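Asks: Structure supplied as protein_35.cif; contents: mmCIF, C-alpha atoms and all ligand atoms.
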data_data
#
loop_
_atom_site.label_atom_id
_atom_site.label_comp_id
_atom_site.auth_asym_id
_atom_site.auth_seq_id
_atom_site.Cartn_x
_atom_site.Cartn_y
_atom_site.Cartn_z
CA MET A 1 8.34 26.02 11.31
CA ARG A 2 10.04 24.76 14.46
CA PHE A 3 10.27 21.03 13.85
CA ALA A 4 11.03 18.47 16.52
CA ASP A 5 14.70 17.91 17.34
CA ARG A 6 14.34 14.24 16.49
CA LEU A 7 14.10 15.10 12.80
CA GLN A 8 17.75 16.08 12.90
CA LYS A 9 18.60 12.41 13.34
CA VAL A 10 17.32 11.39 9.91
CA GLU A 11 17.51 12.56 6.35
CA THR A 12 15.68 11.49 3.22
CA SER A 13 17.88 8.90 1.64
CA ALA A 14 20.24 9.19 -1.27
CA ILE A 15 18.21 6.39 -2.78
CA ARG A 16 15.23 8.70 -3.13
CA GLU A 17 17.30 10.97 -5.35
CA LEU A 18 18.05 8.02 -7.56
CA PHE A 19 14.40 7.03 -7.72
CA LYS A 20 13.60 10.40 -9.26
CA LEU A 21 15.57 9.29 -12.31
CA LEU A 22 13.62 6.10 -12.73
CA GLY A 23 10.85 7.79 -14.68
CA LYS A 24 13.12 7.89 -17.76
CA PRO A 25 11.38 6.13 -20.64
CA GLY A 26 12.72 2.68 -21.48
CA ILE A 27 14.52 2.16 -18.19
CA ILE A 28 14.79 -1.37 -16.78
CA SER A 29 14.71 -1.08 -13.03
CA PHE A 30 16.22 -3.49 -10.53
CA ALA A 31 16.08 -0.69 -7.95
CA GLY A 32 12.73 -1.19 -6.25
CA GLY A 33 11.90 -3.33 -3.27
CA PHE A 34 8.39 -4.13 -4.44
CA PRO A 35 6.91 -7.49 -5.29
CA ASP A 36 5.60 -7.83 -8.85
CA SER A 37 2.03 -6.53 -9.07
CA ALA A 38 1.38 -9.00 -11.91
CA MET A 39 1.73 -11.71 -9.28
CA PHE A 40 -1.09 -10.53 -7.03
CA ASP A 41 -3.88 -13.07 -6.69
CA VAL A 42 -6.53 -10.55 -7.73
CA GLU A 43 -9.26 -13.17 -8.14
CA GLY A 44 -8.61 -14.61 -4.69
CA LEU A 45 -8.59 -11.17 -3.10
CA ARG A 46 -11.76 -10.17 -4.96
CA GLU A 47 -13.54 -13.22 -3.58
CA ALA A 48 -12.12 -12.66 -0.10
CA SER A 49 -13.20 -9.01 0.02
CA ALA A 50 -16.64 -9.93 -1.34
CA ARG A 51 -17.03 -12.50 1.43
CA ALA A 52 -15.84 -9.98 4.00
CA LEU A 53 -18.59 -7.61 2.87
CA GLY A 54 -21.16 -10.35 2.39
CA GLU A 55 -20.66 -12.19 5.68
CA GLU A 56 -19.28 -9.67 8.13
CA ALA A 57 -19.81 -6.16 6.79
CA GLY A 58 -20.83 -4.86 10.20
CA SER A 59 -17.44 -5.60 11.75
CA ALA A 60 -15.33 -5.34 8.58
CA LEU A 61 -16.37 -1.70 8.13
CA GLN A 62 -16.51 -0.76 11.82
CA TYR A 63 -13.80 0.40 14.23
CA GLY A 64 -12.03 -2.63 15.65
CA ALA A 65 -9.78 -3.77 18.49
CA THR A 66 -6.28 -2.32 18.53
CA GLU A 67 -4.80 -5.81 18.94
CA GLY A 68 -6.33 -6.87 15.64
CA TYR A 69 -9.42 -8.47 14.16
CA ASP A 70 -9.98 -11.80 15.91
CA PRO A 71 -10.74 -13.89 12.79
CA LEU A 72 -7.43 -12.72 11.30
CA ARG A 73 -5.51 -13.33 14.52
CA GLU A 74 -6.83 -16.89 14.46
CA GLN A 75 -5.81 -17.39 10.83
CA LEU A 76 -2.37 -15.87 11.37
CA ALA A 77 -1.76 -17.98 14.46
CA ALA A 78 -2.59 -21.09 12.41
CA PHE A 79 -0.32 -19.84 9.58
CA MET A 80 2.55 -19.46 12.05
CA GLN A 81 1.81 -22.78 13.77
CA ALA A 82 2.11 -24.52 10.41
CA LYS A 83 5.67 -23.15 10.29
CA GLY A 84 6.53 -24.61 13.68
CA ALA A 85 5.93 -21.57 15.90
CA ASP A 86 3.87 -21.97 19.06
CA VAL A 87 1.53 -19.01 18.79
CA ALA A 88 -1.99 -18.51 20.13
CA PRO A 89 -4.27 -15.89 18.49
CA ALA A 90 -3.97 -13.71 21.60
CA GLY A 91 -0.18 -13.98 21.36
CA LEU A 92 0.02 -11.86 18.22
CA ILE A 93 -1.10 -8.37 17.30
CA VAL A 94 -1.95 -7.22 13.81
CA THR A 95 0.02 -4.22 12.60
CA THR A 96 -0.28 -1.90 9.62
CA GLY A 97 2.46 -3.65 7.68
CA SER A 98 5.47 -5.00 9.52
CA GLN A 99 6.84 -1.48 9.15
CA GLN A 100 4.45 -0.43 11.91
CA ALA A 101 5.69 -3.26 14.11
CA LEU A 102 9.21 -1.82 13.72
CA ASP A 103 7.92 1.64 14.56
CA LEU A 104 6.13 0.31 17.65
CA LEU A 105 9.33 -1.43 18.72
CA GLY A 106 11.15 1.86 18.35
CA LYS A 107 8.48 3.71 20.28
CA THR A 108 8.27 1.22 23.12
CA MET A 109 11.94 0.29 23.49
CA ILE A 110 14.23 3.14 22.40
CA SER A 111 15.13 6.12 24.53
CA PRO A 112 17.50 8.70 23.02
CA GLY A 113 21.07 7.42 23.20
CA ASP A 114 20.12 3.74 23.53
CA LYS A 115 22.27 1.34 21.58
CA VAL A 116 20.64 -0.99 19.08
CA ILE A 117 22.59 -3.57 17.09
CA VAL A 118 21.58 -4.06 13.47
CA GLU A 119 23.15 -6.02 10.66
CA GLY A 120 25.55 -4.24 8.31
CA PRO A 121 23.84 -3.89 5.85
CA THR A 122 20.20 -3.79 6.95
CA PHE A 123 16.76 -2.51 5.90
CA LEU A 124 17.01 1.22 5.31
CA ALA A 125 13.62 2.13 6.77
CA THR A 126 14.59 0.40 10.01
CA ILE A 127 17.76 2.47 10.26
CA GLN A 128 15.72 5.65 9.77
CA CYS A 129 12.92 4.58 12.11
CA PHE A 130 15.18 3.61 15.01
CA ARG A 131 17.26 6.76 14.54
CA LEU A 132 14.10 8.86 14.73
CA TYR A 133 13.67 7.53 18.26
CA GLY A 134 17.25 8.46 19.07
CA ALA A 135 18.93 5.07 18.79
CA GLU A 136 22.66 4.84 18.38
CA LEU A 137 23.04 2.05 15.89
CA VAL A 138 25.89 -0.43 15.97
CA SER A 139 26.47 -2.61 12.88
CA ALA A 140 27.22 -6.31 13.19
CA PRO A 141 28.93 -7.74 10.10
CA ILE A 142 27.24 -10.38 8.02
CA ASP A 143 28.29 -12.85 5.36
CA ALA A 144 26.28 -15.15 3.08
CA HIS A 145 25.27 -17.15 6.20
CA GLY A 146 23.86 -14.12 7.96
CA VAL A 147 25.14 -12.27 10.99
CA GLN A 148 28.56 -13.39 12.23
CA THR A 149 27.65 -14.58 15.68
CA ASP A 150 31.13 -14.34 17.19
CA ARG A 151 31.27 -10.68 16.20
CA LEU A 152 27.69 -10.22 17.37
CA GLU A 153 28.55 -11.61 20.79
CA ALA A 154 31.51 -9.27 21.13
CA LEU A 155 29.32 -6.30 20.19
CA ILE A 156 26.56 -7.30 22.63
CA ALA A 157 29.12 -7.67 25.41
CA GLU A 158 30.66 -4.30 24.58
CA HIS A 159 27.54 -2.22 23.97
CA ARG A 160 24.83 -3.94 26.04
CA PRO A 161 22.19 -2.89 23.48
CA LYS A 162 18.49 -2.37 24.14
CA PHE A 163 17.93 -4.99 21.48
CA VAL A 164 19.37 -6.65 18.40
CA TYR A 165 17.48 -6.33 15.10
CA LEU A 166 18.00 -9.12 12.57
CA ILE A 167 16.50 -10.17 9.24
CA PRO A 168 17.68 -13.79 9.45
CA THR A 169 15.94 -15.14 6.37
CA PHE A 170 16.75 -13.67 2.93
CA GLY A 171 17.60 -10.26 4.34
CA ASN A 172 16.92 -6.94 2.69
CA PRO A 173 19.25 -5.93 1.12
CA SER A 174 21.66 -8.82 1.66
CA GLY A 175 19.59 -11.83 0.59
CA ALA A 176 21.61 -13.66 3.27
CA LEU A 177 20.26 -16.72 5.05
CA LEU A 178 21.27 -17.24 8.66
CA ASN A 179 22.25 -20.87 9.06
CA LEU A 180 20.82 -23.18 11.70
CA GLU A 181 23.90 -23.21 13.90
CA ARG A 182 24.01 -19.43 14.01
CA ARG A 183 20.26 -19.27 14.69
CA ARG A 184 20.77 -21.38 17.80
CA LYS A 185 23.71 -19.21 18.78
CA VAL A 186 21.67 -16.02 18.44
CA LEU A 187 19.01 -17.43 20.78
CA GLU A 188 21.69 -18.54 23.24
CA LEU A 189 23.17 -15.03 23.16
CA ALA A 190 19.73 -13.58 23.92
CA VAL A 191 19.57 -15.72 27.06
CA LYS A 192 23.22 -15.31 28.06
CA TYR A 193 23.09 -11.50 27.84
CA GLN A 194 19.35 -11.13 28.57
CA THR A 195 19.03 -9.12 25.37
CA LEU A 196 15.87 -8.77 23.32
CA ILE A 197 16.20 -10.06 19.76
CA VAL A 198 13.90 -8.71 17.04
CA GLU A 199 13.39 -11.09 14.14
CA ASP A 200 12.02 -9.31 11.08
CA ASP A 201 10.75 -11.95 8.69
CA PRO A 202 8.85 -10.65 5.67
CA TYR A 203 10.72 -12.94 3.23
CA GLY A 204 10.85 -16.31 5.01
CA ASP A 205 8.08 -17.83 2.88
CA LEU A 206 9.75 -16.77 -0.35
CA TYR A 207 12.22 -19.61 -0.78
CA PHE A 208 13.09 -21.13 -4.14
CA GLY A 209 14.31 -24.61 -3.33
CA GLU A 210 14.60 -26.18 0.08
CA ALA A 211 12.74 -24.48 2.92
CA PRO A 212 15.03 -22.35 5.10
CA PRO A 213 15.83 -23.38 8.68
CA PRO A 214 13.07 -22.64 11.21
CA SER A 215 12.55 -19.04 12.20
CA LEU A 216 14.13 -17.89 15.47
CA LEU A 217 10.59 -17.90 16.82
CA ALA A 218 10.01 -21.54 15.90
CA LEU A 219 13.48 -22.50 17.13
CA SER A 220 13.06 -20.71 20.45
CA LYS A 221 11.32 -23.76 21.93
CA GLU A 222 14.69 -25.56 21.76
CA VAL A 223 16.52 -22.83 23.68
CA PRO A 224 15.02 -22.42 27.17
CA GLY A 225 14.38 -18.82 28.14
CA SER A 226 14.78 -17.42 24.64
CA ARG A 227 11.10 -17.05 23.76
CA GLU A 228 10.71 -14.38 26.47
CA LEU A 229 13.46 -12.39 24.75
CA LEU A 230 12.19 -12.55 21.20
CA ALA A 231 9.93 -10.33 19.10
CA HIS A 232 8.96 -11.60 15.66
CA CYS A 233 7.53 -9.45 12.86
CA GLY A 234 5.68 -10.98 9.92
CA SER A 235 3.98 -9.56 6.84
CA MET A 236 1.59 -10.37 4.03
CA SER A 237 3.31 -7.77 1.84
CA LYS A 238 5.84 -9.78 -0.10
CA VAL A 239 3.76 -12.88 -0.73
CA LEU A 240 0.23 -11.53 -1.07
CA SER A 241 -0.06 -7.72 -1.32
CA PRO A 242 1.78 -4.82 0.30
CA GLY A 243 -1.21 -2.55 -0.36
CA LEU A 244 -3.27 -4.53 2.15
CA ARG A 245 -0.88 -3.27 4.86
CA VAL A 246 -1.29 -6.40 6.95
CA GLY A 247 1.59 -7.36 9.17
CA TRP A 248 1.87 -8.81 12.66
CA MET A 249 4.06 -8.94 15.72
CA ILE A 250 4.56 -11.72 18.22
CA ALA A 251 6.27 -10.46 21.35
CA PRO A 252 6.58 -11.13 25.08
CA PRO A 253 3.36 -10.06 26.87
CA ALA A 254 4.69 -6.87 28.48
CA LEU A 255 6.16 -5.65 25.19
CA GLN A 256 2.99 -6.58 23.34
CA ALA A 257 0.86 -4.65 25.84
CA ASN A 258 3.00 -1.52 25.49
CA ALA A 259 2.98 -1.81 21.71
CA VAL A 260 -0.81 -2.03 21.75
CA MET A 261 -0.98 1.07 23.93
CA CYS A 262 1.22 3.00 21.49
CA LYS A 263 -0.73 1.72 18.51
CA GLN A 264 -3.93 3.03 20.10
CA PHE A 265 -2.57 6.56 19.89
CA SER A 266 -1.18 6.02 16.42
CA ASP A 267 -3.75 4.46 14.09
CA ALA A 268 -6.24 2.97 16.61
CA HIS A 269 -6.15 -0.26 14.62
CA THR A 270 -5.16 -1.66 11.25
CA SER A 271 -7.90 -1.36 8.61
CA THR A 272 -10.63 -3.81 9.64
CA PHE A 273 -11.63 -4.23 6.00
CA ALA A 274 -8.08 -5.23 5.02
CA GLN A 275 -7.90 -7.57 8.01
CA ALA A 276 -11.25 -9.20 7.21
CA THR A 277 -10.16 -9.63 3.59
CA ALA A 278 -6.84 -11.19 4.61
CA ALA A 279 -8.66 -13.48 7.08
CA GLN A 280 -11.11 -14.63 4.42
CA TYR A 281 -8.24 -15.18 2.02
CA LEU A 282 -6.37 -17.40 4.47
CA LYS A 283 -9.56 -19.20 5.49
CA ALA A 284 -10.34 -20.02 1.84
CA GLY A 285 -7.05 -21.94 1.73
CA ARG A 286 -5.59 -20.04 -1.20
CA MET A 287 -2.24 -19.28 0.40
CA PRO A 288 -0.40 -22.53 -0.41
CA ALA A 289 -1.04 -22.15 -4.15
CA THR A 290 -0.10 -18.46 -4.04
CA LEU A 291 3.14 -19.28 -2.24
CA ALA A 292 3.96 -22.03 -4.72
CA HIS A 293 3.40 -19.60 -7.59
CA VAL A 294 5.50 -16.72 -6.25
CA ARG A 295 8.30 -19.09 -5.24
CA LYS A 296 8.43 -20.52 -8.73
CA VAL A 297 8.37 -17.22 -10.62
CA TYR A 298 10.83 -15.38 -8.36
CA GLY A 299 13.03 -18.47 -8.33
CA GLN A 300 13.25 -18.43 -12.12
CA ARG A 301 14.04 -14.72 -12.12
CA ALA A 302 16.72 -15.13 -9.47
CA GLN A 303 18.33 -17.88 -11.47
CA ALA A 304 18.21 -15.81 -14.66
CA MET A 305 19.77 -12.84 -12.89
CA GLY A 306 22.56 -14.94 -11.40
CA GLN A 307 23.43 -16.47 -14.74
CA ALA A 308 23.29 -13.11 -16.53
CA LEU A 309 25.49 -11.45 -13.89
CA GLN A 310 28.06 -14.17 -14.27
CA ARG A 311 27.92 -14.09 -18.04
CA GLU A 312 27.93 -10.32 -18.51
CA LEU A 313 29.93 -8.98 -15.58
CA GLY A 314 32.15 -11.96 -14.82
CA GLU A 315 34.96 -11.16 -12.43
CA ALA A 316 33.87 -7.54 -12.05
CA VAL A 317 31.28 -8.54 -9.43
CA SER A 318 31.13 -11.09 -6.64
CA PHE A 319 27.86 -12.30 -5.16
CA THR A 320 26.16 -15.26 -3.54
CA GLN A 321 23.18 -16.70 -5.38
CA PRO A 322 20.17 -15.96 -3.13
CA GLN A 323 18.04 -18.94 -2.13
CA GLY A 324 14.96 -16.79 -1.56
CA GLY A 325 13.67 -13.26 -1.06
CA LEU A 326 13.76 -10.54 -3.70
CA PHE A 327 17.38 -9.37 -3.84
CA PHE A 328 20.88 -9.91 -5.12
CA TRP A 329 23.59 -8.30 -3.06
CA ALA A 330 26.76 -7.83 -5.09
CA ARG A 331 30.19 -6.32 -4.65
CA LEU A 332 32.24 -4.60 -7.33
CA THR A 333 35.68 -6.17 -7.32
CA GLY A 334 37.47 -3.71 -9.60
CA ALA A 335 38.72 -6.62 -11.73
CA GLY A 336 40.26 -5.55 -15.04
CA GLY A 337 40.19 -1.90 -14.01
CA SER A 338 36.38 -1.77 -13.73
CA THR A 339 34.84 0.63 -11.24
CA ARG A 340 34.62 -0.23 -7.53
CA ASP A 341 32.32 2.69 -6.75
CA ALA A 342 28.69 1.52 -6.84
CA GLY A 343 27.40 5.13 -6.78
CA GLU A 344 29.37 5.96 -9.90
CA PHE A 345 28.30 2.66 -11.43
CA ALA A 346 24.63 3.48 -10.69
CA ARG A 347 24.92 6.85 -12.46
CA ARG A 348 26.51 5.25 -15.50
CA ALA A 349 23.90 2.50 -15.44
CA ILE A 350 21.09 5.05 -15.60
CA GLU A 351 22.70 6.44 -18.77
CA GLN A 352 22.47 2.90 -20.15
CA LEU A 353 18.80 2.83 -19.07
CA VAL A 354 19.17 0.33 -16.26
CA ALA A 355 18.86 1.03 -12.54
CA PHE A 356 19.85 -0.56 -9.24
CA VAL A 357 20.53 0.77 -5.76
CA PRO A 358 24.04 1.40 -4.42
CA GLY A 359 24.60 -0.48 -1.17
CA ALA A 360 26.19 2.22 1.00
CA PRO A 361 22.93 3.70 2.43
CA PHE A 362 21.99 0.28 3.84
CA TYR A 363 24.83 0.50 6.37
CA ALA A 364 24.07 2.22 9.65
CA THR A 365 27.84 2.66 10.08
CA ALA A 366 30.95 2.06 7.96
CA PRO A 367 29.30 1.93 4.53
CA ASP A 368 30.87 -0.28 1.89
CA ALA A 369 30.80 1.80 -1.30
CA SER A 370 31.54 -1.20 -3.51
CA THR A 371 28.21 -2.92 -2.76
CA LEU A 372 24.92 -2.80 -4.63
CA ARG A 373 21.43 -4.27 -4.46
CA LEU A 374 19.59 -5.61 -7.46
CA SER A 375 15.97 -6.73 -7.22
CA PHE A 376 14.88 -9.49 -9.55
CA ALA A 377 11.24 -9.21 -8.51
CA THR A 378 9.57 -6.98 -11.05
CA ALA A 379 11.27 -7.66 -14.40
CA ASP A 380 10.59 -10.86 -16.32
CA VAL A 381 13.44 -13.13 -17.42
CA ALA A 382 13.91 -11.42 -20.82
CA ARG A 383 14.07 -7.95 -19.23
CA ILE A 384 16.46 -9.23 -16.58
CA GLU A 385 18.81 -10.53 -19.26
CA GLU A 386 18.54 -7.31 -21.25
CA GLY A 387 19.08 -5.19 -18.14
CA ILE A 388 22.19 -7.04 -17.01
CA GLN A 389 23.58 -6.82 -20.52
CA ARG A 390 23.15 -3.05 -20.34
CA LEU A 391 25.00 -3.07 -17.01
CA ARG A 392 28.09 -4.40 -18.71
CA ASN A 393 28.28 -1.20 -20.73
CA ALA A 394 28.27 0.82 -17.51
CA LEU A 395 31.24 -0.91 -15.87
C1 LIG B 1 13.18 -6.28 5.98
C2 LIG B 1 11.87 -5.58 5.83
N1 LIG B 1 11.12 -5.38 6.91
C3 LIG B 1 9.94 -4.76 6.81
C4 LIG B 1 9.45 -4.31 5.61
C5 LIG B 1 8.14 -3.59 5.61
O1 LIG B 1 7.16 -4.30 4.97
P1 LIG B 1 5.62 -4.09 5.22
O2 LIG B 1 5.44 -2.90 6.11
O3 LIG B 1 5.03 -3.87 3.88
O4 LIG B 1 5.14 -5.33 5.88
C6 LIG B 1 10.20 -4.50 4.45
C7 LIG B 1 9.71 -4.01 3.16
O5 LIG B 1 10.45 -3.78 2.23
C8 LIG B 1 11.45 -5.17 4.56
O6 LIG B 1 12.23 -5.38 3.50
#
Transcribe the structure of this file into C-alpha cells.

Replies:
Amino acid sequence: MRFADRLQKVETSAIRELFKLLGKPGIISFAGGFPDSAMFDVEGLREASARALGEEAGSALQYGATEGYDPLREQLAAFMQAKGADVAPAGLIVTTGSQQALDLLGKTMISPGDKVIVEGPTFLATIQCFRLYGAELVSAPIDAHGVQTDRLEALIAEHRPKFVYLIPTFGNPSGALLNLERRRKVLELAVKYQTLIVEDDPYGDLYFGEAPPPSLLALSKEVPGSRELLAHCGSMSKVLSPGLRVGWMIAPPALQANAVMCKQFSDAHTSTFAQATAAQYLKAGRMPATLAHVRKVYGQRAQAMGQALQRELGEAVSFTQPQGGLFFWARLTGAGGSTRDAGEFARRAIEQLVAFVPGAPFYATAPDASTLRLSFATADVARIEEGIQRLRNAL
C-alpha cells in the first residue's frame, strides 16, 4: 500500500497500548475518558426517540441538511442562549460529535506547516487531528487557572498562528478552569493579533459547585471585535450520551460556510435520527434534571478521589481539586523517594490492578513525564477508594 504522506505526521498513541492491558480481570480503571453509562437517561432518550419516530419519521429517517436538522438547531440555540451566548439557529451547525467540528476546523484552516497554538497539555485527539492536516503545534503552558495569558501572548506574537485552540472550562486532561480575567485577556488577544480562537467546550455544563465563568463565546459580547474571531464547539457527549454523536459548532459566517462545504464531502450530515432524538429530548425539558444528576454524582466522585489521593498518596502527588469535568490531573513529586516517572508508575499500577493514563502523550511538545490523568467518571465512590488505595502500593 502507498499511504498518503500525511499519515507520517501521526502515530497511534502510547495510550492505546496501555488500553490493551485494561481487559485484565478485576482491574479498576481511571484511564478512560468516557462518561458513566449508568448515568444515561435511558428513559428520556427512549421517549425522545419514540416521539421522533411518531411525529417526524419522514424527516428523522431521511437525508437532511448538512448544516443540521432545524428543530435541533433551534433547541441548541436556545440551550446556548440560556448560558448567555447570543446564537441564532442559523448561527450554528450540527456536527457528528464535537470531534468532527475539530476535524472540520483542521480541514478548513490548516495548511501544511501552519502554526497552531494549543495548551500544554491538551486533548490528544486534537493533537493528532491537527497534525494530520500538517499543523506545527506550539504548546502554551497552563496552570490550575488555565492557559497563562502572558505566555500565550508572547507565543502568538512570535509564531503568528493560524489559530489558538483552548479548552477553557475543565480541560481534558488538565481539569483546569480558565479564570474570568484570563478569559477577557484571551478575547483581547484575539482582537489585538487578529487571531482566531477555538473554544472547545464539552465539559462546561459539568460543574460541581458554583457555575464557571461565562464561556468565551458568551463573554465575547463584552470585547468588541472578538466574536468574529471565535469558533465554539459544544457537545452532548459528556452530559447526555456520546453514542448519539451530536455536537455543534458556532463560528464566523465564512468559516461556518467552508466547514459546511467540507462536511458535505465527509458525512453529508449528522444522523438525522440522532438529531431528531436530541431535539425531542431538549424540547421535553429533561436536560436540567439530567444536568443536576450528573453534576451531583460526578461531584461526589471527584471529592472522593481527591480525599483518597490525599490520604493514600500524600506528598507523593500534587494536584488541584477539579471543580468540574471528568478528570484529575496530578504530578508525581518524588517525595520520600517515590517514583517521578508516570509511565513506570502506570505499569506498576496495572500489576496492582488499577489503571490511569500517563500525562506525557497529552503534550504536543515538551512532555512532562511526571504527570498523569485519572478519570473519576466511571467508578463509584467505593471503587475509587479501593483503586487509589491500590495505587499506593505502586508508588
Ligand atoms: C476536549 C474534548 N473535545 C472534544 C471531545 C470529543 O467529544 P465528542 O466528539 O464526543 O463530542 C472530547 C472527548 O473526549 C474532549 O475531551

Asks: Within 6 Å of range 37-52 of chain A, counting all atoms listed in the file, which residues qualify if same-chain residues fewer than 5 places away don't, as a CSV table (one decimal) with C-alpha atoms, in the frame of the given file?

Replies:
chain,number,residue,atom,x,y,z
A,276,ALA,CA,-11.2,-9.2,7.2
A,277,THR,CA,-10.2,-9.6,3.6
A,280,GLN,CA,-11.1,-14.6,4.4
A,281,TYR,CA,-8.2,-15.2,2.0

Asks: Measuring atom to atom with all atoms listed in the file, identify which of A:Thr270, A:Gln275, A:Gln300, A:Thr365 is nearest to Val138 in chain A.

Replies: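 Ranking A:Thr270, A:Gln275, A:Gln300, A:Thr365 by distance to Val138 in chain A, first place goes to A:Thr365.
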
Asks: Neighbouring residues of range 88-102 of chain A were defined as those with any atom within 10 Å, considering all atoms listed in the file; residues of the same chain fewer than 6 positions away were excluded. Please report them as a PyMOL selection string.

Replies: chain A and resi 65-78+80-81+108+125-126+129-130+165+198+200-202+231-237+242-253+256-257+259-260+263+266-267+269-271+274-275

Asks: For the atom pair CA of Lys115 in chain A and CA of Pro161 in chain A, what is the interatomic distance in Å to one decimal place?

Replies: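 These atoms are spaced 4.6 Å apart.
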
Asks: Near Glu315 in chain A, counting all atoms listed in the file, which residues have an atom at most 10 Å away, once you skip same-chain residues fewer than 5 positions from it, shown as a PyMOL selection string?

Replies: chain A and resi 309-310+332-336+338

Asks: With C-alpha atoms kept, could you save the residues just selected as a compact mmCIF listing (two decimals), keeping the file's coordinate frame?

Replies:
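The result, stored in out-v7.txt:
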# COMPACT_ATOMS: atom_id res chain seq x y z
CA LEU A 309 25.49 -11.45 -13.89
CA GLN A 310 28.06 -14.17 -14.27
CA LEU A 332 32.24 -4.60 -7.33
CA THR A 333 35.68 -6.17 -7.32
CA GLY A 334 37.47 -3.71 -9.60
CA ALA A 335 38.72 -6.62 -11.73
CA GLY A 336 40.26 -5.55 -15.04
CA SER A 338 36.38 -1.77 -13.73

Asks: What is the distance between atom C6 of ligand LIG 1 (chain B) and CA of Thr122 in chain A, in Å to one decimal?

Replies: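 Answer for the atom C6 of ligand LIG 1 (chain B) to CA of Thr122 in chain A separation: 10.3 Å.
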
Asks: Distance atom O4 of ligand LIG 1 (chain B)-CA of Phe273 in chain A, one decimal place?

Replies: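 Separation between atom O4 of ligand LIG 1 (chain B) and CA of Phe273 in chain A: 16.8 Å.
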
Asks: What's around Lys238 in chain A at 9 Å? Count only C-alpha atoms, leave out sequence neighbours fewer than 2 positions away in its own chain, and write the answer as a ChimeraX atom specification.

Replies: /A:34-36,202-203,205-206,235-236,240-242,325-326

Asks: Please determine, counting all atoms listed in the file, which residue among A:Val357, A:Ala379, A:Ala218, A:Val87 has the shortest atom-to-atom distance to Tyr298 in chain A.

Replies: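 Among A:Val357, A:Ala379, A:Ala218, A:Val87, it is A:Ala379 that comes nearest to Tyr298 in chain A.
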
Asks: Just the residues within 9 Å of range 342-348 of chain A, please, counting all atoms listed in the file, with nothing from its chain fewer than 3 positions along; format it as a CSV table (one decimal) with C-alpha atoms, keeping the file's coordinate frame.

Replies:
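Contents of around.csv, freshly written:
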chain,number,residue,atom,x,y,z
A,18,LEU,CA,18.0,8.0,-7.6
A,331,ARG,CA,30.2,-6.3,-4.6
A,332,LEU,CA,32.2,-4.6,-7.3
A,339,THR,CA,34.8,0.6,-11.2
A,351,GLU,CA,22.7,6.4,-18.8
A,352,GLN,CA,22.5,2.9,-20.2
A,353,LEU,CA,18.8,2.8,-19.1
A,354,VAL,CA,19.2,0.3,-16.3
A,355,ALA,CA,18.9,1.0,-12.5
A,356,PHE,CA,19.8,-0.6,-9.2
A,357,VAL,CA,20.5,0.8,-5.8
A,358,PRO,CA,24.0,1.4,-4.4
A,359,GLY,CA,24.6,-0.5,-1.2
A,360,ALA,CA,26.2,2.2,1.0
A,369,ALA,CA,30.8,1.8,-1.3
A,370,SER,CA,31.5,-1.2,-3.5
A,371,THR,CA,28.2,-2.9,-2.8
A,372,LEU,CA,24.9,-2.8,-4.6
A,391,LEU,CA,25.0,-3.1,-17.0
A,393,ASN,CA,28.3,-1.2,-20.7
A,394,ALA,CA,28.3,0.8,-17.5
A,395,LEU,CA,31.2,-0.9,-15.9

Asks: For ligand LIG 1 (chain B), which residue among A:Asp114, A:Glu228, A:Glu199, A:Glu136 is the nearest when counting only C-alpha atoms and all ligand atoms?

Replies: A:Glu199

Asks: Point out the residue among A:Leu177, A:Arg390, A:Val239, A:Ala157 with the least atom-to-atom distance to Thr290 in chain A, counting only C-alpha atoms.

Replies: A:Val239

Asks: Please write out, as lines of an AutoDock Vina configuration file, where the centre of an axis-aligned box around all listed atoms of range 237-247 of chain A lies and how long its edges are, in Å to one decimal, after adding 6 Å on each side.

Replies:
center_x = 1.3
center_y = -7.7
center_z = 3.9
size_x = 21.1
size_y = 22.3
size_z = 22.5

Asks: Nearest to Asn179 in chain A: which of A:Met109, A:Leu137, A:Ala144, A:Ile156 is it, counting only C-alpha atoms?

Replies: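 Answer, going by the shortest atom-to-atom distance: A:Ala144.
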
Asks: So, counting all atoms listed in the file, which residue among A:Ser226, A:Thr169, A:Thr378, A:Ser59 is closest to ligand LIG 1 (chain B)?

Replies: A:Thr169

Asks: Show me the residues close to (16.8, -1.2, -4.0) - anything with an atom within 8 Å, counting all atoms listed in the file - and format the list as a PyMOL selection string.

Replies: chain A and resi 15+30-33+173+356-358+373-375
